[in-house]
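The file coords-v7.tsv contains TSV, C-alpha atoms:
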```tsv
chain	number	residue	atom	x	y	z
A	1	MET	CA	8.51	-8.22	-10.09
A	2	LYS	CA	8.20	-11.82	-8.99
A	3	ILE	CA	5.35	-13.64	-7.25
A	4	ASN	CA	5.62	-13.79	-3.42
A	5	GLN	CA	8.17	-10.98	-3.16
A	6	VAL	CA	7.72	-7.57	-1.56
A	7	GLY	CA	6.74	-5.24	-4.37
A	8	TRP	CA	5.21	-2.21	-2.61
A	9	PHE	CA	5.51	-0.31	0.65
A	10	GLU	CA	3.13	2.13	2.25
A	11	PHE	CA	2.95	4.38	5.26
A	12	GLY	CA	0.24	6.55	6.73
A	13	SER	CA	0.73	10.09	7.97
A	14	ASP	CA	-1.56	12.63	9.57
A	15	GLN	CA	0.91	15.33	8.45
A	16	PRO	CA	1.42	14.38	4.79
A	17	GLU	CA	2.98	17.66	3.63
A	18	LYS	CA	5.53	17.54	6.44
A	19	ALA	CA	6.30	13.87	5.64
A	20	LYS	CA	6.69	14.66	1.92
A	21	GLU	CA	9.21	17.40	2.72
A	22	PHE	CA	11.17	15.05	5.02
A	23	TYR	CA	11.39	12.15	2.53
A	24	LYS	CA	12.18	14.48	-0.36
A	25	LYS	CA	15.16	15.83	1.59
A	26	MET	CA	16.22	12.41	2.91
A	27	PHE	CA	15.89	10.20	-0.17
A	28	GLY	CA	14.88	12.43	-3.09
A	29	TRP	CA	11.38	10.93	-3.25
A	30	ASP	CA	8.67	12.68	-5.24
A	31	PHE	CA	4.96	12.24	-4.60
A	32	LYS	CA	2.17	11.89	-7.14
A	33	THR	CA	-1.50	12.13	-6.16
A	34	ASN	CA	-3.41	8.92	-6.86
A	35	PRO	CA	-7.15	9.69	-7.22
A	36	ASP	CA	-8.20	6.00	-7.32
A	37	LEU	CA	-8.93	5.85	-3.57
A	38	GLU	CA	-10.80	9.14	-3.31
A	39	SER	CA	-14.10	7.36	-3.99
A	40	GLN	CA	-13.31	5.23	-0.91
A	41	GLY	CA	-12.79	8.40	1.16
A	42	TYR	CA	-8.97	8.35	1.23
A	43	GLN	CA	-6.27	10.70	-0.04
A	44	TYR	CA	-3.26	8.78	-1.32
A	45	ASP	CA	0.05	9.71	-2.93
A	46	GLY	CA	2.25	7.38	-4.93
A	47	ILE	CA	5.94	7.56	-4.07
A	48	LEU	CA	8.40	7.96	-6.93
A	49	GLU	CA	11.86	6.87	-5.85
A	50	PRO	CA	14.77	8.44	-7.79
A	51	GLY	CA	15.13	6.89	-11.24
A	52	ASN	CA	11.67	5.28	-11.24
A	53	GLU	CA	8.92	6.49	-13.55
A	54	ILE	CA	6.17	4.59	-11.74
A	55	PRO	CA	5.44	4.56	-7.99
A	56	THR	CA	6.98	1.80	-5.87
A	57	GLY	CA	5.23	2.83	-2.68
A	58	GLY	CA	2.53	5.08	-1.30
A	59	MET	CA	1.51	7.39	1.50
A	60	MET	CA	-2.02	7.41	2.92
A	61	HIS	CA	-3.23	10.71	4.37
A	62	THR	CA	-4.62	9.44	7.69
A	63	ASP	CA	-6.11	12.80	8.74
A	64	GLY	CA	-6.19	11.59	12.35
A	65	LYS	CA	-8.79	8.93	11.39
A	66	MET	CA	-6.37	6.06	11.98
A	67	PRO	CA	-2.97	5.60	13.60
A	68	GLU	CA	0.15	6.23	11.58
A	69	TYR	CA	1.65	3.03	10.23
A	70	ALA	CA	4.14	1.41	7.88
A	71	VAL	CA	3.40	-1.80	6.00
A	72	PHE	CA	4.79	-3.87	3.14
A	73	TYR	CA	2.83	-5.49	0.29
A	74	VAL	CA	3.67	-8.82	-1.30
A	75	PHE	CA	2.94	-9.39	-4.99
A	76	VAL	CA	0.80	-12.54	-5.33
A	77	GLU	CA	-0.77	-14.39	-8.22
A	78	ASP	CA	-4.38	-13.95	-7.02
A	79	ALA	CA	-5.16	-11.61	-4.10
A	80	GLU	CA	-8.64	-12.99	-3.42
A	81	LYS	CA	-7.29	-16.55	-3.28
A	82	GLU	CA	-4.51	-15.49	-0.91
A	83	ILE	CA	-6.98	-13.73	1.41
A	84	LYS	CA	-8.80	-17.04	1.86
A	85	ARG	CA	-5.51	-18.87	2.38
A	86	ALA	CA	-4.43	-16.35	5.03
A	87	GLN	CA	-7.75	-16.75	6.86
A	88	GLU	CA	-7.40	-20.55	6.75
A	89	ASN	CA	-4.00	-20.14	8.43
A	90	GLY	CA	-5.24	-17.91	11.26
A	91	GLY	CA	-4.89	-14.56	9.52
A	92	GLU	CA	-7.50	-11.83	9.38
A	93	LEU	CA	-8.71	-9.48	6.64
A	94	VAL	CA	-8.33	-5.84	7.76
A	95	TRP	CA	-9.78	-4.20	4.61
A	96	GLY	CA	-10.29	-4.88	0.94
A	97	PRO	CA	-9.98	-6.33	-1.50
A	98	VAL	CA	-10.09	-3.22	-3.67
A	99	THR	CA	-9.39	-3.12	-7.41
A	100	ASP	CA	-8.16	0.23	-8.72
A	101	ALA	CA	-8.37	1.77	-12.18
A	102	SER	CA	-5.10	0.11	-13.25
A	103	ASN	CA	-6.62	-3.33	-12.52
A	104	ILE	CA	-4.52	-3.96	-9.41
A	105	THR	CA	-6.34	-5.72	-6.57
A	106	PHE	CA	-4.99	-5.15	-3.09
A	107	ALA	CA	-5.94	-5.91	0.50
A	108	ARG	CA	-4.55	-5.47	4.00
A	109	LEU	CA	-4.38	-8.44	6.36
A	110	LYS	CA	-3.08	-9.42	9.79
A	111	ASP	CA	-0.94	-12.50	10.27
A	112	ASN	CA	-1.76	-15.01	13.01
A	113	SER	CA	0.15	-12.92	15.58
A	114	GLY	CA	-1.50	-9.57	14.72
A	115	ASN	CA	1.11	-7.98	12.42
A	116	GLN	CA	-0.31	-6.17	9.41
A	117	PHE	CA	0.86	-6.77	5.86
A	118	GLY	CA	-0.61	-6.30	2.41
A	119	ILE	CA	-0.99	-8.31	-0.75
A	120	PHE	CA	-1.65	-7.26	-4.34
A	121	SER	CA	-2.17	-8.89	-7.72
A	122	VAL	CA	-2.82	-7.78	-11.28
A	123	LYS	CA	-6.06	-8.94	-12.88
A	124	LYS	CA	-5.47	-10.34	-16.33
```

Would you write the structure of this file as structure tokens?
Amino acid sequence: MKINQVGWFEFGSDQPEKAKEFYKKMFGWDFKTNPDLESQGYQYDGILEPGNEIPTGGMMHTDGKMPEYAVFYVFVEDAEKEIKRAQENGGELVWGPVTDASNITFARLKDNSGNQFGIFSVKK
């Protein structure tokens, strides 16, 4: 994975079991529960695309608490630094940053026209 390239995708569903069944049939995706966000009050599944041993995307269980969505995440050198840079350029922090148990820091932002995107980095 290279800096400043899309390295993760995510979508939210208020019917996660139905969505899992659909994407399993469509693309052969498997889903693996990720407990790292449970302490934040979220249920989250990593998405295992065929041939991959580690997740390359995720599905948030929205439970009707937020609208369904789809968003991409860009791999950056330092997420906290990029949050500040986004804000300096008219962007807005939506939530985060959060660092999970695997030492990945991620955040969701809006660009200067209101579109959401995410960033993530690995703490060294």

Original post:
Which is closer to Phe31 of chain A than all the others in A:Trp8, A:Gln15, A:Gly57, A:Asn115, using all atoms listed in the file?
Top reply: A:Gly57

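For the choices A:Gly118, A:Gly90, A:Gln40, A:Phe27, the atom-to-atom distance to Phe11 of chain A is smallest for A:Gly118 when using all atoms listed in the file.
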
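Coordinates place atom CA of Glu49 of chain A at a distance of 24.8 Å from atom CA of Glu77 of chain A.
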
Which neighbours of Met60 of chain A fall inside 7 Å, counting all atoms listed in the file, when residues of the same chain fewer than 5 positions from it are skipped, and could you give them as a PDB file with C-alpha atoms, in the frame of the given file?
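Now in selection_36.pdb:
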```
ATOM      1  CA  PHE A  11       2.950   4.380   5.260  1.00  0.00           C
ATOM      2  CA  GLY A  12       0.240   6.550   6.730  1.00  0.00           C
ATOM      3  CA  SER A  13       0.730  10.090   7.970  1.00  0.00           C
ATOM      4  CA  GLN A  43      -6.270  10.700  -0.040  1.00  0.00           C
ATOM      5  CA  TYR A  44      -3.260   8.780  -1.320  1.00  0.00           C
ATOM      6  CA  ASP A  45       0.050   9.710  -2.930  1.00  0.00           C
TER       7      ASP A  45
END
```

Subject >> Pairwise distance for atom CA of Lys25 of chain A and atom CA of Asp63 of chain A, rounded to one decimal in Å >> reply: 22.6 Å

Subject >> Gap from atom CA of Lys65 of chain A to atom CA of Glu10 of chain A - Å, one decimal >> reply: 16.5 Å

**OP:** Find the spatial neighbours of segment 99-114 of chain A, counting all atoms listed in the file, within a cut-off of 12 Å - ignore same-chain residues fewer than 3 positions away - and output them as JSON, numbers by chain.
**Re:** {"A": [7, 8, 9, 10, 34, 35, 36, 37, 38, 39, 40, 70, 71, 72, 73, 74, 75, 76, 77, 78, 79, 80, 81, 82, 83, 84, 85, 86, 87, 88, 89, 90, 91, 92, 93, 94, 95, 96, 117, 118, 119, 120, 121, 122, 123, 124]}

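Distance check against Gly64 of chain A using all atoms listed in the file: of A:Lys24, A:Pro16, A:Ile47, A:Asn4, the minimum falls on A:Pro16.
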
Residue completion, segment 74-104 of chain A, N, CA and C atoms, as a PDB file, in the frame of the given file:
```pdb
ATOM      1  N   VAL A  74       3.069  -7.734  -0.548  1.00  0.00           N
ATOM      2  CA  VAL A  74       3.670  -8.820  -1.300  1.00  0.00           C
ATOM      3  C   VAL A  74       2.870  -9.026  -2.585  1.00  0.00           C
ATOM      4  N   PHE A  75       3.570  -9.130  -3.700  1.00  0.00           N
ATOM      5  CA  PHE A  75       2.940  -9.390  -4.990  1.00  0.00           C
ATOM      6  C   PHE A  75       2.574 -10.873  -5.060  1.00  0.00           C
ATOM      7  N   VAL A  76       1.296 -11.161  -5.269  1.00  0.00           N
ATOM      8  CA  VAL A  76       0.800 -12.540  -5.330  1.00  0.00           C
ATOM      9  C   VAL A  76       0.095 -12.786  -6.650  1.00  0.00           C
ATOM     10  N   GLU A  77      -0.117 -14.035  -6.964  1.00  0.00           N
ATOM     11  CA  GLU A  77      -0.770 -14.390  -8.220  1.00  0.00           C
ATOM     12  C   GLU A  77      -2.247 -13.994  -8.228  1.00  0.00           C
ATOM     13  N   ASP A  78      -2.946 -14.211  -7.102  1.00  0.00           N
ATOM     14  CA  ASP A  78      -4.380 -13.950  -7.020  1.00  0.00           C
ATOM     15  C   ASP A  78      -4.707 -13.474  -5.604  1.00  0.00           C
ATOM     16  N   ALA A  79      -4.945 -12.181  -5.428  1.00  0.00           N
ATOM     17  CA  ALA A  79      -5.160 -11.610  -4.100  1.00  0.00           C
ATOM     18  C   ALA A  79      -6.347 -12.244  -3.383  1.00  0.00           C
ATOM     19  N   GLU A  80      -7.450 -12.438  -4.067  1.00  0.00           N
ATOM     20  CA  GLU A  80      -8.640 -12.990  -3.420  1.00  0.00           C
ATOM     21  C   GLU A  80      -8.384 -14.422  -2.925  1.00  0.00           C
ATOM     22  N   LYS A  81      -7.651 -15.195  -3.686  1.00  0.00           N
ATOM     23  CA  LYS A  81      -7.290 -16.550  -3.280  1.00  0.00           C
ATOM     24  C   LYS A  81      -6.388 -16.519  -2.049  1.00  0.00           C
ATOM     25  N   GLU A  82      -5.438 -15.583  -2.032  1.00  0.00           N
ATOM     26  CA  GLU A  82      -4.510 -15.490  -0.910  1.00  0.00           C
ATOM     27  C   GLU A  82      -5.176 -14.987   0.359  1.00  0.00           C
ATOM     28  N   ILE A  83      -6.216 -14.169   0.230  1.00  0.00           N
ATOM     29  CA  ILE A  83      -6.980 -13.730   1.410  1.00  0.00           C
ATOM     30  C   ILE A  83      -7.578 -14.962   2.091  1.00  0.00           C
ATOM     31  N   LYS A  84      -8.208 -15.819   1.302  1.00  0.00           N
ATOM     32  CA  LYS A  84      -8.800 -17.040   1.860  1.00  0.00           C
ATOM     33  C   LYS A  84      -7.737 -17.917   2.501  1.00  0.00           C
ATOM     34  N   ARG A  85      -6.588 -18.046   1.844  1.00  0.00           N
ATOM     35  CA  ARG A  85      -5.510 -18.870   2.380  1.00  0.00           C
ATOM     36  C   ARG A  85      -4.990 -18.298   3.702  1.00  0.00           C
ATOM     37  N   ALA A  86      -4.866 -16.983   3.780  1.00  0.00           N
ATOM     38  CA  ALA A  86      -4.430 -16.350   5.030  1.00  0.00           C
ATOM     39  C   ALA A  86      -5.432 -16.629   6.146  1.00  0.00           C
ATOM     40  N   GLN A  87      -6.716 -16.505   5.850  1.00  0.00           N
ATOM     41  CA  GLN A  87      -7.750 -16.750   6.860  1.00  0.00           C
ATOM     42  C   GLN A  87      -7.721 -18.216   7.314  1.00  0.00           C
ATOM     43  N   GLU A  88      -7.495 -19.127   6.401  1.00  0.00           N
ATOM     44  CA  GLU A  88      -7.400 -20.550   6.750  1.00  0.00           C
ATOM     45  C   GLU A  88      -6.218 -20.824   7.671  1.00  0.00           C
ATOM     46  N   ASN A  89      -5.199 -19.963   7.619  1.00  0.00           N
ATOM     47  CA  ASN A  89      -4.000 -20.140   8.430  1.00  0.00           C
ATOM     48  C   ASN A  89      -3.986 -19.246   9.669  1.00  0.00           C
ATOM     49  N   GLY A  90      -5.142 -18.706  10.043  1.00  0.00           N
ATOM     50  CA  GLY A  90      -5.240 -17.910  11.260  1.00  0.00           C
ATOM     51  C   GLY A  90      -5.088 -16.420  11.062  1.00  0.00           C
ATOM     52  N   GLY A  91      -4.979 -15.980   9.807  1.00  0.00           N
ATOM     53  CA  GLY A  91      -4.890 -14.560   9.520  1.00  0.00           C
ATOM     54  C   GLY A  91      -6.255 -13.907   9.489  1.00  0.00           C
ATOM     55  N   GLU A  92      -6.259 -12.602   9.344  1.00  0.00           N
ATOM     56  CA  GLU A  92      -7.500 -11.830   9.380  1.00  0.00           C
ATOM     57  C   GLU A  92      -7.474 -10.748   8.305  1.00  0.00           C
ATOM     58  N   LEU A  93      -8.576 -10.551   7.620  1.00  0.00           N
ATOM     59  CA  LEU A  93      -8.710  -9.480   6.640  1.00  0.00           C
ATOM     60  C   LEU A  93      -8.973  -8.172   7.387  1.00  0.00           C
ATOM     61  N   VAL A  94      -8.155  -7.151   7.135  1.00  0.00           N
ATOM     62  CA  VAL A  94      -8.330  -5.840   7.760  1.00  0.00           C
ATOM     63  C   VAL A  94      -9.212  -4.969   6.871  1.00  0.00           C
ATOM     64  N   TRP A  95      -8.912  -4.885   5.564  1.00  0.00           N
ATOM     65  CA  TRP A  95      -9.780  -4.200   4.610  1.00  0.00           C
ATOM     66  C   TRP A  95      -9.460  -4.663   3.196  1.00  0.00           C
ATOM     67  N   GLY A  96     -10.437  -4.452   2.334  1.00  0.00           N
ATOM     68  CA  GLY A  96     -10.290  -4.880   0.940  1.00  0.00           C
ATOM     69  C   GLY A  96     -11.028  -6.181   0.729  1.00  0.00           C
ATOM     70  N   PRO A  97     -10.841  -6.768  -0.405  1.00  0.00           N
ATOM     71  CA  PRO A  97      -9.980  -6.330  -1.500  1.00  0.00           C
ATOM     72  C   PRO A  97     -10.591  -5.177  -2.288  1.00  0.00           C
ATOM     73  N   VAL A  98      -9.716  -4.345  -2.829  1.00  0.00           N
ATOM     74  CA  VAL A  98     -10.090  -3.220  -3.670  1.00  0.00           C
ATOM     75  C   VAL A  98      -9.343  -3.365  -4.991  1.00  0.00           C
ATOM     76  N   THR A  99     -10.038  -3.129  -6.099  1.00  0.00           N
ATOM     77  CA  THR A  99      -9.390  -3.120  -7.410  1.00  0.00           C
ATOM     78  C   THR A  99      -9.405  -1.699  -7.933  1.00  0.00           C
ATOM     79  N   ASP A 100      -8.226  -1.158  -8.259  1.00  0.00           N
ATOM     80  CA  ASP A 100      -8.160   0.230  -8.720  1.00  0.00           C
ATOM     81  C   ASP A 100      -8.280   0.312 -10.235  1.00  0.00           C
ATOM     82  N   ALA A 101      -8.182   1.530 -10.751  1.00  0.00           N
ATOM     83  CA  ALA A 101      -8.370   1.770 -12.180  1.00  0.00           C
ATOM     84  C   ALA A 101      -7.313   1.095 -13.049  1.00  0.00           C
ATOM     85  N   SER A 102      -6.146   0.781 -12.473  1.00  0.00           N
ATOM     86  CA  SER A 102      -5.100   0.110 -13.250  1.00  0.00           C
ATOM     87  C   SER A 102      -5.204  -1.412 -13.152  1.00  0.00           C
ATOM     88  N   ASN A 103      -6.319  -1.900 -12.605  1.00  0.00           N
ATOM     89  CA  ASN A 103      -6.620  -3.330 -12.520  1.00  0.00           C
ATOM     90  C   ASN A 103      -5.759  -4.068 -11.491  1.00  0.00           C
ATOM     91  N   ILE A 104      -5.275  -3.354 -10.493  1.00  0.00           N
ATOM     92  CA  ILE A 104      -4.520  -3.960  -9.410  1.00  0.00           C
ATOM     93  C   ILE A 104      -5.482  -4.174  -8.243  1.00  0.00           C
TER      94      ILE A 104
END
```
